[in-house]
>>> print(open('coords21.cif').read())   # mmCIF, C-alpha atoms
data_input
#
loop_
_atom_site.label_atom_id
_atom_site.label_comp_id
_atom_site.auth_asym_id
_atom_site.auth_seq_id
_atom_site.Cartn_x
_atom_site.Cartn_y
_atom_site.Cartn_z
CA MET A 289 -5.23 -1.89 53.20
CA ILE A 290 -7.92 -3.87 51.35
CA ILE A 291 -6.99 -5.50 48.05
CA ALA A 292 -9.95 -6.94 46.17
CA TYR A 293 -9.76 -9.49 43.36
CA THR A 294 -12.80 -9.64 41.09
CA PRO A 295 -13.33 -12.16 38.27
CA THR A 296 -12.70 -11.15 34.65
CA THR A 297 -12.51 -13.07 31.40
CA ASN A 298 -8.70 -13.36 31.74
CA GLY A 299 -8.49 -14.19 35.42
CA PHE A 300 -8.94 -11.77 38.30
CA ALA A 301 -8.63 -8.00 38.36
CA ARG A 302 -6.70 -6.56 41.31
CA SER A 303 -7.82 -3.29 42.87
CA GLU A 304 -7.08 -1.45 46.09
CA VAL A 305 -10.14 -0.31 47.98
CA ALA A 306 -9.80 3.27 49.12
CA ALA A 307 -10.43 4.17 52.75
CA GLY A 308 -14.14 4.67 53.37
CA SER A 309 -15.13 2.89 50.15
CA SER A 310 -17.14 -0.31 50.11
CA ILE A 311 -15.71 -3.62 48.96
CA PRO A 312 -17.07 -4.74 45.54
CA MET A 313 -19.81 -7.31 45.97
CA THR A 314 -18.32 -9.33 43.11
CA ALA A 315 -14.95 -9.68 44.88
CA VAL A 316 -13.94 -13.33 45.30
CA TRP A 317 -10.63 -12.82 47.11
CA ILE A 318 -10.27 -10.04 49.67
CA ASP A 319 -6.73 -9.56 50.94
CA LEU A 320 -6.49 -7.56 54.17
CA PHE A 321 -2.94 -6.27 54.67
CA ASN A 322 -2.41 -4.54 58.05
CA PRO A 323 -6.16 -3.79 58.18
CA THR A 324 -7.65 -1.05 60.29
CA HIS A 325 -10.68 -1.75 62.46
CA GLU A 326 -12.98 -0.14 59.87
CA GLU A 327 -11.50 -2.26 57.05
CA GLN A 328 -11.92 -5.38 59.14
CA LEU A 329 -15.58 -4.53 59.83
CA ALA A 330 -16.20 -3.96 56.10
CA ALA A 331 -14.81 -7.42 55.27
CA GLU A 332 -16.85 -8.99 58.09
CA HIS A 333 -20.04 -7.38 56.73
CA LEU A 334 -19.39 -8.83 53.27
CA MET A 335 -18.40 -12.29 54.53
CA GLY A 336 -21.02 -12.57 57.25
CA ALA A 337 -18.35 -13.95 59.56
CA GLU A 338 -16.19 -12.45 62.28
CA ILE A 339 -12.54 -11.93 61.31
CA PRO A 340 -9.93 -12.46 64.06
CA THR A 341 -7.86 -9.56 65.35
CA ARG A 342 -4.08 -9.44 65.26
CA GLU A 343 -3.87 -10.65 68.86
CA GLU A 344 -6.15 -13.61 68.10
CA ILE A 345 -4.11 -14.51 65.02
CA ALA A 346 -0.94 -14.63 67.14
CA SER A 347 -2.50 -17.16 69.55
CA ILE A 348 -0.89 -20.62 69.49
CA GLU A 349 -3.93 -22.65 70.66
CA THR A 350 -5.39 -24.84 67.92
CA SER A 351 -8.92 -23.81 68.93
CA GLU A 352 -7.98 -20.18 68.23
CA ARG A 353 -6.43 -21.01 64.86
CA LEU A 354 -8.97 -23.43 63.39
CA TYR A 355 -12.67 -22.91 64.06
CA ASP A 356 -16.09 -22.44 62.49
CA GLU A 357 -17.94 -19.19 61.93
CA PRO A 358 -21.49 -18.76 60.62
CA GLY A 359 -21.23 -19.44 56.91
CA ALA A 360 -17.44 -19.73 56.89
CA ILE A 361 -14.43 -21.40 58.45
CA VAL A 362 -11.39 -19.63 59.91
CA MET A 363 -7.90 -21.11 59.51
CA THR A 364 -4.57 -19.60 60.57
CA ALA A 365 -1.23 -20.94 59.36
CA LEU A 366 2.41 -19.91 59.54
CA LEU A 367 4.02 -19.00 56.25
CA PRO A 368 7.65 -18.17 55.50
CA MET A 369 7.92 -14.42 55.02
CA ALA A 370 11.65 -14.12 54.34
CA ALA A 371 12.87 -17.70 54.56
CA ARG A 372 15.98 -17.10 52.47
CA MET A 373 17.27 -14.27 54.65
CA PRO A 374 19.92 -14.83 57.38
CA ASP A 375 17.15 -14.59 59.96
CA PRO A 376 14.24 -16.46 58.31
CA LYS A 377 11.04 -14.97 59.69
CA LEU A 378 7.49 -16.29 59.69
CA SER A 379 4.18 -14.58 59.33
CA SER A 380 0.80 -15.82 60.53
CA VAL A 381 -1.84 -15.62 57.79
CA THR A 382 -5.53 -16.19 58.45
CA PHE A 383 -7.84 -17.62 55.80
CA VAL A 384 -11.57 -16.95 56.21
CA LEU A 385 -13.24 -19.23 53.67
CA SER A 386 -16.80 -19.60 52.48
CA ALA A 387 -18.23 -21.30 49.41
CA LYS A 388 -18.17 -17.97 47.53
CA ARG A 389 -15.25 -15.93 48.90
CA LEU A 390 -11.86 -16.04 50.52
CA VAL A 391 -10.51 -13.41 52.91
CA THR A 392 -6.82 -13.43 53.86
CA VAL A 393 -5.64 -11.43 56.85
CA ARG A 394 -1.91 -10.77 57.13
CA TYR A 395 0.51 -8.42 58.85
CA GLY A 396 3.56 -9.38 56.81
CA GLU A 397 4.35 -10.01 53.16
CA PRO A 398 4.80 -13.75 52.60
CA GLN A 399 6.20 -14.48 49.14
CA SER A 400 3.45 -17.08 48.62
CA ILE A 401 0.73 -14.40 48.74
CA ILE A 402 2.62 -12.25 46.24
CA ASN A 403 3.07 -15.22 43.88
CA CYS A 404 -0.60 -16.14 44.21
CA SER A 405 -1.62 -12.57 43.37
CA ARG A 406 0.37 -12.72 40.13
CA LYS A 407 -1.05 -16.11 39.18
CA VAL A 408 -4.73 -15.31 39.70
CA GLN A 409 -4.39 -12.17 37.57
CA SER A 410 -3.08 -14.11 34.58
CA ASP A 411 -4.68 -17.58 34.77
CA PRO A 412 -8.27 -17.74 33.45
CA SER A 413 -8.63 -21.42 34.41
CA ILE A 414 -8.88 -20.68 38.16
CA PRO A 415 -12.42 -21.27 39.51
CA ARG A 416 -14.24 -18.02 40.36
CA ASN A 417 -14.88 -18.85 44.02
CA GLY A 418 -13.10 -18.82 47.37
CA PRO A 419 -12.03 -22.49 47.44
CA GLY A 420 -10.65 -22.18 43.89
CA VAL A 421 -8.37 -19.29 44.89
CA LEU A 422 -7.42 -20.97 48.18
CA PHE A 423 -6.24 -24.16 46.49
CA VAL A 424 -4.12 -22.18 44.05
CA MET A 425 -2.56 -20.45 47.04
CA LEU A 426 -2.01 -23.70 48.95
CA ASP A 427 -0.28 -25.24 45.94
CA ILE A 428 2.06 -22.22 45.76
CA ILE A 429 2.73 -22.42 49.51
CA ILE A 430 3.72 -26.09 49.29
CA ASP A 431 6.01 -25.41 46.33
CA ARG A 432 7.68 -22.61 48.24
CA CYS A 433 8.18 -24.78 51.32
CA ALA A 434 9.80 -27.43 49.12
CA ASP A 435 12.02 -24.82 47.44
CA VAL A 436 13.19 -23.44 50.78
CA LEU A 437 14.05 -26.94 52.05
CA GLU A 438 15.90 -27.75 48.81
CA GLU A 439 17.97 -24.58 49.16
CA ALA A 440 18.76 -25.49 52.77
CA SER A 441 19.78 -28.99 51.65
CA ASP A 442 22.05 -27.57 48.93
CA ALA A 443 23.67 -25.23 51.44
CA PHE A 444 24.22 -28.21 53.77
CA ASP A 445 25.90 -30.23 50.99
CA LYS A 446 28.27 -27.36 50.17
CA MET A 447 29.15 -26.93 53.84
CA SER A 448 29.76 -30.68 54.21
CA VAL A 449 32.27 -30.57 51.32
CA LYS A 450 33.97 -27.57 52.89
CA VAL A 451 34.28 -29.23 56.30
CA PHE A 452 35.22 -32.81 55.33
CA GLU A 453 37.15 -32.31 52.09
CA GLU A 454 38.60 -28.80 52.06
CA GLY A 455 39.00 -28.70 55.84
CA LEU A 456 38.91 -25.79 58.26
CA SER A 457 42.01 -24.02 59.53
CA THR A 458 42.08 -22.69 63.08
CA ARG A 459 44.79 -20.28 61.95
CA LYS A 460 42.02 -18.57 59.98
CA ALA A 461 39.48 -17.86 62.68
CA ASP A 462 37.01 -16.38 60.18
CA SER A 463 36.93 -19.72 58.32
CA TYR A 464 35.46 -21.85 61.10
CA ARG A 465 33.42 -19.01 62.53
CA SER A 466 31.79 -18.57 59.15
CA ALA A 467 31.19 -22.34 58.93
CA ILE A 468 29.48 -22.45 62.32
CA ARG A 469 27.40 -19.35 61.50
CA THR A 470 26.31 -20.89 58.19
CA GLN A 471 25.30 -24.14 59.88
CA GLY A 472 23.37 -22.18 62.51
CA ARG A 473 21.57 -20.24 59.79
CA ILE A 474 20.60 -23.46 57.99
CA GLY A 475 19.42 -24.95 61.30
CA LEU A 476 17.28 -21.88 62.00
CA GLN A 477 15.79 -22.13 58.53
CA VAL A 478 14.93 -25.80 59.04
CA ALA A 479 13.42 -25.10 62.48
CA ARG A 480 11.19 -22.37 61.01
CA MET A 481 10.03 -24.76 58.29
CA HIS A 482 9.14 -27.33 60.96
CA ASP A 483 6.68 -24.79 62.40
CA VAL A 484 5.28 -24.02 58.94
CA CYS A 485 4.74 -27.71 58.11
CA ALA A 486 3.10 -28.44 61.46
CA SER A 487 0.60 -25.58 61.06
CA LEU A 488 -0.19 -26.55 57.44
CA LEU A 489 -0.78 -30.19 58.36
CA ARG A 490 -3.40 -29.12 60.91
CA LEU A 491 -4.96 -26.76 58.34
CA PHE A 492 -5.34 -29.51 55.70
CA LEU A 493 -6.95 -31.91 58.16
CA PHE A 494 -9.39 -29.24 59.32
CA LEU A 495 -10.20 -28.13 55.77
CA ALA A 496 -10.87 -31.69 54.61
CA SER A 497 -13.22 -32.27 57.55
CA ARG A 498 -15.22 -29.12 56.64
CA ALA A 499 -15.46 -29.86 52.91
CA PRO A 500 -19.29 -29.85 52.64
CA ARG A 501 -19.54 -26.68 54.73
CA VAL A 502 -17.48 -24.57 52.30
CA GLY A 503 -18.54 -26.36 49.13
CA LEU A 504 -15.34 -28.20 48.27
CA THR A 505 -15.52 -30.49 45.25
CA ASP A 506 -14.47 -34.13 45.49
CA GLU A 507 -11.29 -33.21 43.62
CA GLN A 508 -10.48 -30.45 46.12
CA THR A 509 -11.18 -32.75 49.08
CA SER A 510 -8.82 -35.31 47.57
CA ALA A 511 -6.26 -32.54 47.01
CA CYS A 512 -6.31 -31.79 50.76
CA LYS A 513 -5.07 -35.30 51.45
CA THR A 514 -2.47 -35.04 48.69
CA TYR A 515 -1.23 -31.71 50.05
CA GLY A 516 -1.09 -33.22 53.52
CA ARG A 517 1.14 -36.04 52.26
CA ASP A 518 3.35 -33.53 50.44
CA ILE A 519 3.79 -31.44 53.58
CA GLN A 520 4.46 -34.57 55.63
CA SER A 521 7.23 -35.59 53.21
CA ILE A 522 8.72 -32.09 53.42
CA LYS A 523 8.61 -32.31 57.21
CA GLU A 524 10.33 -35.72 57.16
CA HIS A 525 13.01 -34.30 54.90
CA ALA A 526 13.45 -31.42 57.36
CA ASP A 527 13.78 -33.94 60.22
CA ALA A 528 16.52 -35.82 58.35
CA LEU A 529 18.30 -32.57 57.49
CA ASP A 530 18.11 -31.47 61.10
CA THR A 531 19.80 -34.70 62.21
CA LYS A 532 22.54 -34.30 59.61
CA LEU A 533 23.07 -30.70 60.68
CA SER A 534 23.63 -31.80 64.27
CA PHE A 535 26.23 -34.32 63.07
CA LEU A 536 27.95 -31.71 60.87
CA LEU A 537 28.09 -29.19 63.70
CA ASP A 538 29.59 -31.78 66.08
CA ALA A 539 32.10 -32.77 63.38
CA THR A 540 33.05 -29.14 62.74
CA VAL A 541 33.66 -28.42 66.41
CA GLY A 542 35.52 -31.76 66.75
CA LEU A 543 37.81 -31.01 63.79
CA VAL A 544 38.58 -27.56 65.13
CA ASN A 545 39.37 -29.02 68.56
CA LEU A 546 41.52 -31.71 66.94
CA GLU A 547 43.58 -29.14 65.04
CA GLN A 548 43.96 -27.02 68.16
CA ASN A 549 45.10 -30.10 70.10
CA GLN A 550 47.68 -30.81 67.40
CA ILE A 551 49.06 -27.30 67.74
CA ILE A 552 49.18 -27.59 71.53
CA LYS A 553 50.89 -30.98 71.16
CA ILE A 554 53.63 -29.45 68.99
CA PHE A 555 54.28 -26.77 71.59
CA SER A 556 54.37 -29.39 74.34
CA VAL A 557 56.88 -31.54 72.43
CA LEU A 558 59.06 -28.52 71.66
CA ALA A 559 59.04 -27.59 75.33
CA VAL A 560 60.22 -31.11 76.23
CA ILE A 561 62.91 -31.06 73.49
CA PHE A 562 64.42 -27.87 74.87
CA MET A 563 64.31 -28.98 78.50
CA PRO A 564 67.72 -30.85 78.44
CA PRO A 565 69.69 -27.91 76.95
CA THR A 566 67.97 -25.60 79.41
CA LEU A 567 69.08 -27.89 82.24
CA ILE A 568 72.66 -27.96 80.90
CA ALA A 569 72.71 -24.16 80.55
CA SER A 570 71.38 -23.82 84.09
CA ILE A 571 74.10 -26.09 85.49
CA TYR A 572 76.94 -24.28 83.71
CA GLY A 573 75.47 -20.94 84.59
CA MET A 574 75.93 -21.53 88.34
CA ASN A 575 79.56 -20.28 88.27
CA PHE A 576 80.67 -22.33 91.27
CA GLU A 577 84.45 -22.17 91.74
CA GLY A 578 84.75 -25.93 92.12
CA MET A 579 83.14 -26.79 88.76
CA PRO A 580 85.65 -28.93 86.77
CA GLU A 581 84.92 -27.32 83.36
CA LEU A 582 84.77 -23.74 84.62
CA LYS A 583 88.35 -22.86 83.63
CA TRP A 584 88.67 -25.45 80.88
CA GLU A 585 89.67 -24.01 77.49
CA TYR A 586 87.07 -26.07 75.62
CA GLY A 587 84.35 -25.79 78.27
CA TYR A 588 82.18 -23.38 76.27
CA PRO A 589 82.09 -25.35 72.98
CA TYR A 590 81.73 -28.54 75.02
CA SER A 591 78.60 -27.25 76.75
CA LEU A 592 77.15 -26.02 73.42
CA GLY A 593 77.80 -29.40 71.83
CA LEU A 594 76.21 -31.15 74.78
CA MET A 595 73.10 -29.02 74.32
CA VAL A 596 72.90 -29.83 70.57
CA VAL A 597 73.33 -33.55 71.23
CA SER A 598 70.60 -33.51 73.92
CA VAL A 599 68.20 -31.75 71.54
CA ALA A 600 68.98 -34.21 68.73
CA LEU A 601 68.52 -37.26 70.96
CA THR A 602 65.21 -35.96 72.34
CA PHE A 603 64.00 -35.11 68.83
CA LEU A 604 64.92 -38.58 67.52
CA TYR A 605 63.12 -40.20 70.45
CA PHE A 606 59.88 -38.36 69.64
CA ARG A 607 60.27 -39.22 65.93
CA MET A 608 60.68 -42.91 66.77
CA LYS A 609 57.53 -42.76 68.91
CA LYS A 610 55.75 -40.96 66.00
CA LEU A 611 54.84 -38.04 68.18
CA LEU A 612 56.19 -35.57 65.60
#
>>> encode(input="coords21.cif", output="C-alpha cells")
Amino acid sequence: MIIAYTPTTNGFARSEVAAGSSIPMTAVWIDLFNPTHEEQLAAEHLMGAEIPTREEIASIETSERLYDEPGAIVMTALLPMAARMPDPKLSSVTFVLSAKRLVTVRYGEPQSIINCSRKVQSDPSIPRNGPGVLFVMLDIIIDRCADVLEEASDAFDKMSVKVFEEGLSTRKADSYRSAIRTQGRIGLQVARMHDVCASLLRLFLFLASRAPRVGLTDEQTSACKTYGRDIQSIKEHADALDTKLSFLLDATVGLVNLEQNQIIKIFSVLAVIFMPPTLIASIYGMNFEGMPELKWEYGYPYSLGLMVVSVALTFLYFRMKKLL
C-alpha cells in the first residue's frame, strides 16, 4: 500500500494510491506499508534512490541500516509497535530522506507513524518538505519512547509496593506467580526500549553528519543533537530501571523462599515436638510380659500424661529458644 501526503493550506492531505496508479509528484511524504515490488519501484522512480527490501531492512549491520544513496540518505530504526502489550514487539522502519521528500518503509504499524499521520493532516505550521515531516515524526517517536518508559516505571513502583509492603503469600500461588510474570513483562519492555534507543542514537548521529546533503537547517541540525541527548537520557533511565528490576526479582524470589522456609521450619519443629510421645507410645506398645506398668491399673492414664508432659516440655524449650 502507498499512502501519499501532499501539502495543502491546512497541513497535508492523505490519500491512498491505487494499484497501478502513479504517485503524485507533489507528494512530500510517501508511506509504503507492506509494499509490493511494483509499489517499491514507483517510489524509487520518484525519489531517484533505491529503497531497501524487507530482507535488507531486517539486517542488523550498521552499514545496511545507515547509508547514502544518490540524492538521498537511507536510515533504518527500530520503533515500538505494541510496546504496551504483554509481549512488546518492535518494527523496523526505514526512512529514505531527500531535501524534498521523505519515504517511510514499514511492515508493521508503529503507533508513532499513526500519530504523525494525524498531526501532519491538521498542523499547517509543518514545513512542506521531507526533513520537516521527518523531524515531526522523530519528536513523536521520542515522546512515545519516554511515555513507554514512564509506564514501565509506574508499573515497577506498584509492584515494589506489592512485594515489600503488602507482601506475597506462598499459600496463594497465583499471587507470586503473577508478581514474577509482571516483573518479567516490565523487563521485556525495558529490554525492547534499549534496542529502540540504541538504533535511534545511531540514526541521529548519522543524520546530523549528513545535514548539508539533505538540506537540514541549522535549527534542525541542532535538534538532532537535542534529540540524541533526550534518547540518551531515556536509555540511562532504562538502565537504572533494569538494575532495579533485577533487585526486585531477587527480592521477590528471596521473600518467597523465606516464607517457604518458615513453613518447613514449623513442620520440622512439630515433628520434633511429637517425637517424645511417639517414643513413649512405642515403648508401651511393645506388650512385653515383664513390663512393670503393663498390668497396673493407672498405667494407661499414666502413659497419656507422660506424653502430654513431654510435648509441653519440648514446646516450652522451643519457645524459650524463640524457634516458635
>>> residues_around(input="coords21.cif", residues="stretch 523-536 of chain A", least_positions_apart="5", cutoff="9 Å", atoms="all atoms listed in the file", output="list in words")
Leu437, Ala440, Ser441, Phe444, Met447, Ser448, Val451, Gln471, Gly472, Ile474, Gly475, Val478, Ala479, Met481, His482, Cys485, Ala486, Asp518 and Val541 of chain A
>>> closest_residue(input="coords21.cif", among="A:Ile401, A:Val557, A:Leu594, A:Ala443", to="A:Val424", atoms="all atoms listed in the file")
A:Ile401
>>> residues_around(input="coords21.cif", residues="A:Thr324", least_positions_apart="6", cutoff="10 Å", atoms="all atoms listed in the file", output="ChimeraX atom specification")
/A:289-290,307,330,341
>>> residues_around(input="coords21.cif", residues="stretch 499-506 of chain A", least_positions_apart="4", cutoff="7 Å", atoms="all atoms listed in the file", output="short mmCIF file (atom, residue, chain, number, x, y, z; two decimals) with C-alpha atoms, in the frame of the given file")
data_model
loop_
_atom_site.label_atom_id
_atom_site.label_comp_id
_atom_site.auth_asym_id
_atom_site.auth_seq_id
_atom_site.Cartn_x
_atom_site.Cartn_y
_atom_site.Cartn_z
CA ALA A 360 -17.44 -19.73 56.89
CA LEU A 385 -13.24 -19.23 53.67
CA SER A 386 -16.80 -19.60 52.48
CA ALA A 387 -18.23 -21.30 49.41
CA PRO A 419 -12.03 -22.49 47.44
CA LEU A 495 -10.20 -28.13 55.77
CA SER A 510 -8.82 -35.31 47.57
#
>>> residues_around(input="coords21.cif", residues="A:Ala365", least_positions_apart="6", cutoff="9 Å", atoms="only C-alpha atoms", output="PDB file with C-alpha atoms, in the coordinates of the input")
ATOM      1  CA  ARG A 353      -6.430 -21.010  64.860  1.00  0.00           C
ATOM      2  CA  SER A 379       4.180 -14.580  59.330  1.00  0.00           C
ATOM      3  CA  SER A 380       0.800 -15.820  60.530  1.00  0.00           C
ATOM      4  CA  VAL A 381      -1.840 -15.620  57.790  1.00  0.00           C
ATOM      5  CA  THR A 382      -5.530 -16.190  58.450  1.00  0.00           C
ATOM      6  CA  PHE A 383      -7.840 -17.620  55.800  1.00  0.00           C
ATOM      7  CA  VAL A 484       5.280 -24.020  58.940  1.00  0.00           C
ATOM      8  CA  ALA A 486       3.100 -28.440  61.460  1.00  0.00           C
ATOM      9  CA  SER A 487       0.600 -25.580  61.060  1.00  0.00           C
ATOM     10  CA  LEU A 488      -0.190 -26.550  57.440  1.00  0.00           C
ATOM     11  CA  ARG A 490      -3.400 -29.120  60.910  1.00  0.00           C
ATOM     12  CA  LEU A 491      -4.960 -26.760  58.340  1.00  0.00           C
TER      13      LEU A 491
END
>>> atom_distance(input="coords21.cif", atom1="atom CA of A:Ile345", atom2="atom CA of A:His333")
19.3 Å
>>> resolve_selection(input="coords21.cif", expression="the PyMOL selection byres ((chain A and resi 422) around 12)", output="PDB file with C-alpha atoms, in the frame of the given file")
ATOM      1  CA  VAL A 316     -13.940 -13.330  45.300  1.00  0.00           C
ATOM      2  CA  TRP A 317     -10.630 -12.820  47.110  1.00  0.00           C
ATOM      3  CA  ILE A 318     -10.270 -10.040  49.670  1.00  0.00           C
ATOM      4  CA  ASP A 319      -6.730  -9.560  50.940  1.00  0.00           C
ATOM      5  CA  MET A 363      -7.900 -21.110  59.510  1.00  0.00           C
ATOM      6  CA  THR A 382      -5.530 -16.190  58.450  1.00  0.00           C
ATOM      7  CA  PHE A 383      -7.840 -17.620  55.800  1.00  0.00           C
ATOM      8  CA  VAL A 384     -11.570 -16.950  56.210  1.00  0.00           C
ATOM      9  CA  LEU A 385     -13.240 -19.230  53.670  1.00  0.00           C
ATOM     10  CA  SER A 386     -16.800 -19.600  52.480  1.00  0.00           C
ATOM     11  CA  ALA A 387     -18.230 -21.300  49.410  1.00  0.00           C
ATOM     12  CA  LYS A 388     -18.170 -17.970  47.530  1.00  0.00           C
ATOM     13  CA  ARG A 389     -15.250 -15.930  48.900  1.00  0.00           C
ATOM     14  CA  LEU A 390     -11.860 -16.040  50.520  1.00  0.00           C
ATOM     15  CA  VAL A 391     -10.510 -13.410  52.910  1.00  0.00           C
ATOM     16  CA  THR A 392      -6.820 -13.430  53.860  1.00  0.00           C
ATOM     17  CA  SER A 400       3.450 -17.080  48.620  1.00  0.00           C
ATOM     18  CA  ILE A 401       0.730 -14.400  48.740  1.00  0.00           C
ATOM     19  CA  CYS A 404      -0.600 -16.140  44.210  1.00  0.00           C
ATOM     20  CA  SER A 405      -1.620 -12.570  43.370  1.00  0.00           C
ATOM     21  CA  VAL A 408      -4.730 -15.310  39.700  1.00  0.00           C
ATOM     22  CA  ILE A 414      -8.880 -20.680  38.160  1.00  0.00           C
ATOM     23  CA  PRO A 415     -12.420 -21.270  39.510  1.00  0.00           C
ATOM     24  CA  ARG A 416     -14.240 -18.020  40.360  1.00  0.00           C
ATOM     25  CA  ASN A 417     -14.880 -18.850  44.020  1.00  0.00           C
ATOM     26  CA  GLY A 418     -13.100 -18.820  47.370  1.00  0.00           C
ATOM     27  CA  PRO A 419     -12.030 -22.490  47.440  1.00  0.00           C
ATOM     28  CA  GLY A 420     -10.650 -22.180  43.890  1.00  0.00           C
ATOM     29  CA  VAL A 421      -8.370 -19.290  44.890  1.00  0.00           C
ATOM     30  CA  PHE A 423      -6.240 -24.160  46.490  1.00  0.00           C
ATOM     31  CA  VAL A 424      -4.120 -22.180  44.050  1.00  0.00           C
ATOM     32  CA  MET A 425      -2.560 -20.450  47.040  1.00  0.00           C
ATOM     33  CA  LEU A 426      -2.010 -23.700  48.950  1.00  0.00           C
ATOM     34  CA  ASP A 427      -0.280 -25.240  45.940  1.00  0.00           C
ATOM     35  CA  ILE A 428       2.060 -22.220  45.760  1.00  0.00           C
ATOM     36  CA  ILE A 429       2.730 -22.420  49.510  1.00  0.00           C
ATOM     37  CA  LEU A 491      -4.960 -26.760  58.340  1.00  0.00           C
ATOM     38  CA  PHE A 492      -5.340 -29.510  55.700  1.00  0.00           C
ATOM     39  CA  LEU A 495     -10.200 -28.130  55.770  1.00  0.00           C
ATOM     40  CA  VAL A 502     -17.480 -24.570  52.300  1.00  0.00           C
ATOM     41  CA  LEU A 504     -15.340 -28.200  48.270  1.00  0.00           C
ATOM     42  CA  GLN A 508     -10.480 -30.450  46.120  1.00  0.00           C
ATOM     43  CA  ALA A 511      -6.260 -32.540  47.010  1.00  0.00           C
ATOM     44  CA  CYS A 512      -6.310 -31.790  50.760  1.00  0.00           C
TER      45      CYS A 512
END
>>> atom_distance(input="coords21.cif", atom1="atom CA of A:Tyr572", atom2="atom CA of A:Val597")
16.0 Å
>>> atom_distance(input="coords21.cif", atom1="atom CA of A:Leu354", atom2="atom CA of A:Leu366")
12.5 Å
>>> resolve_selection(input="coords21.cif", expression="the PyMOL selection byres ((chain A and resi 342) around 9)", output="ChimeraX atom specification")
/A:322,340-341,343-347,393-395
>>> write_last_selection(input="coords21.cif", atoms="C-alpha atoms", output="tab-separated table (two decimals), keeping the file's coordinate frame")
chain	number	residue	atom	x	y	z
A	322	ASN	CA	-2.41	-4.54	58.05
A	340	PRO	CA	-9.93	-12.46	64.06
A	341	THR	CA	-7.86	-9.56	65.35
A	343	GLU	CA	-3.87	-10.65	68.86
A	344	GLU	CA	-6.15	-13.61	68.10
A	345	ILE	CA	-4.11	-14.51	65.02
A	346	ALA	CA	-0.94	-14.63	67.14
A	347	SER	CA	-2.50	-17.16	69.55
A	393	VAL	CA	-5.64	-11.43	56.85
A	394	ARG	CA	-1.91	-10.77	57.13
A	395	TYR	CA	0.51	-8.42	58.85
>>> resolve_selection(input="coords21.cif", expression="the PyMOL selection byres ((chain A and resi 410) around 9)", output="PyMOL selection string")
chain A and resi 298-300+406-409+411-412
>>> closest_residue(input="coords21.cif", among="A:Leu592, A:Phe494, A:Met608, A:Arg302", to="A:Asp356", atoms="only C-alpha atoms")
A:Phe494
>>> closest_residue(input="coords21.cif", among="A:Ile554, A:Ile430, A:Ile361, A:Leu367", to="A:Arg517", atoms="only C-alpha atoms")
A:Ile430
>>> closest_residue(input="coords21.cif", among="A:Ile468, A:Leu320, A:Ala496, A:Leu558", to="A:Phe606", atoms="all atoms listed in the file")
A:Leu558
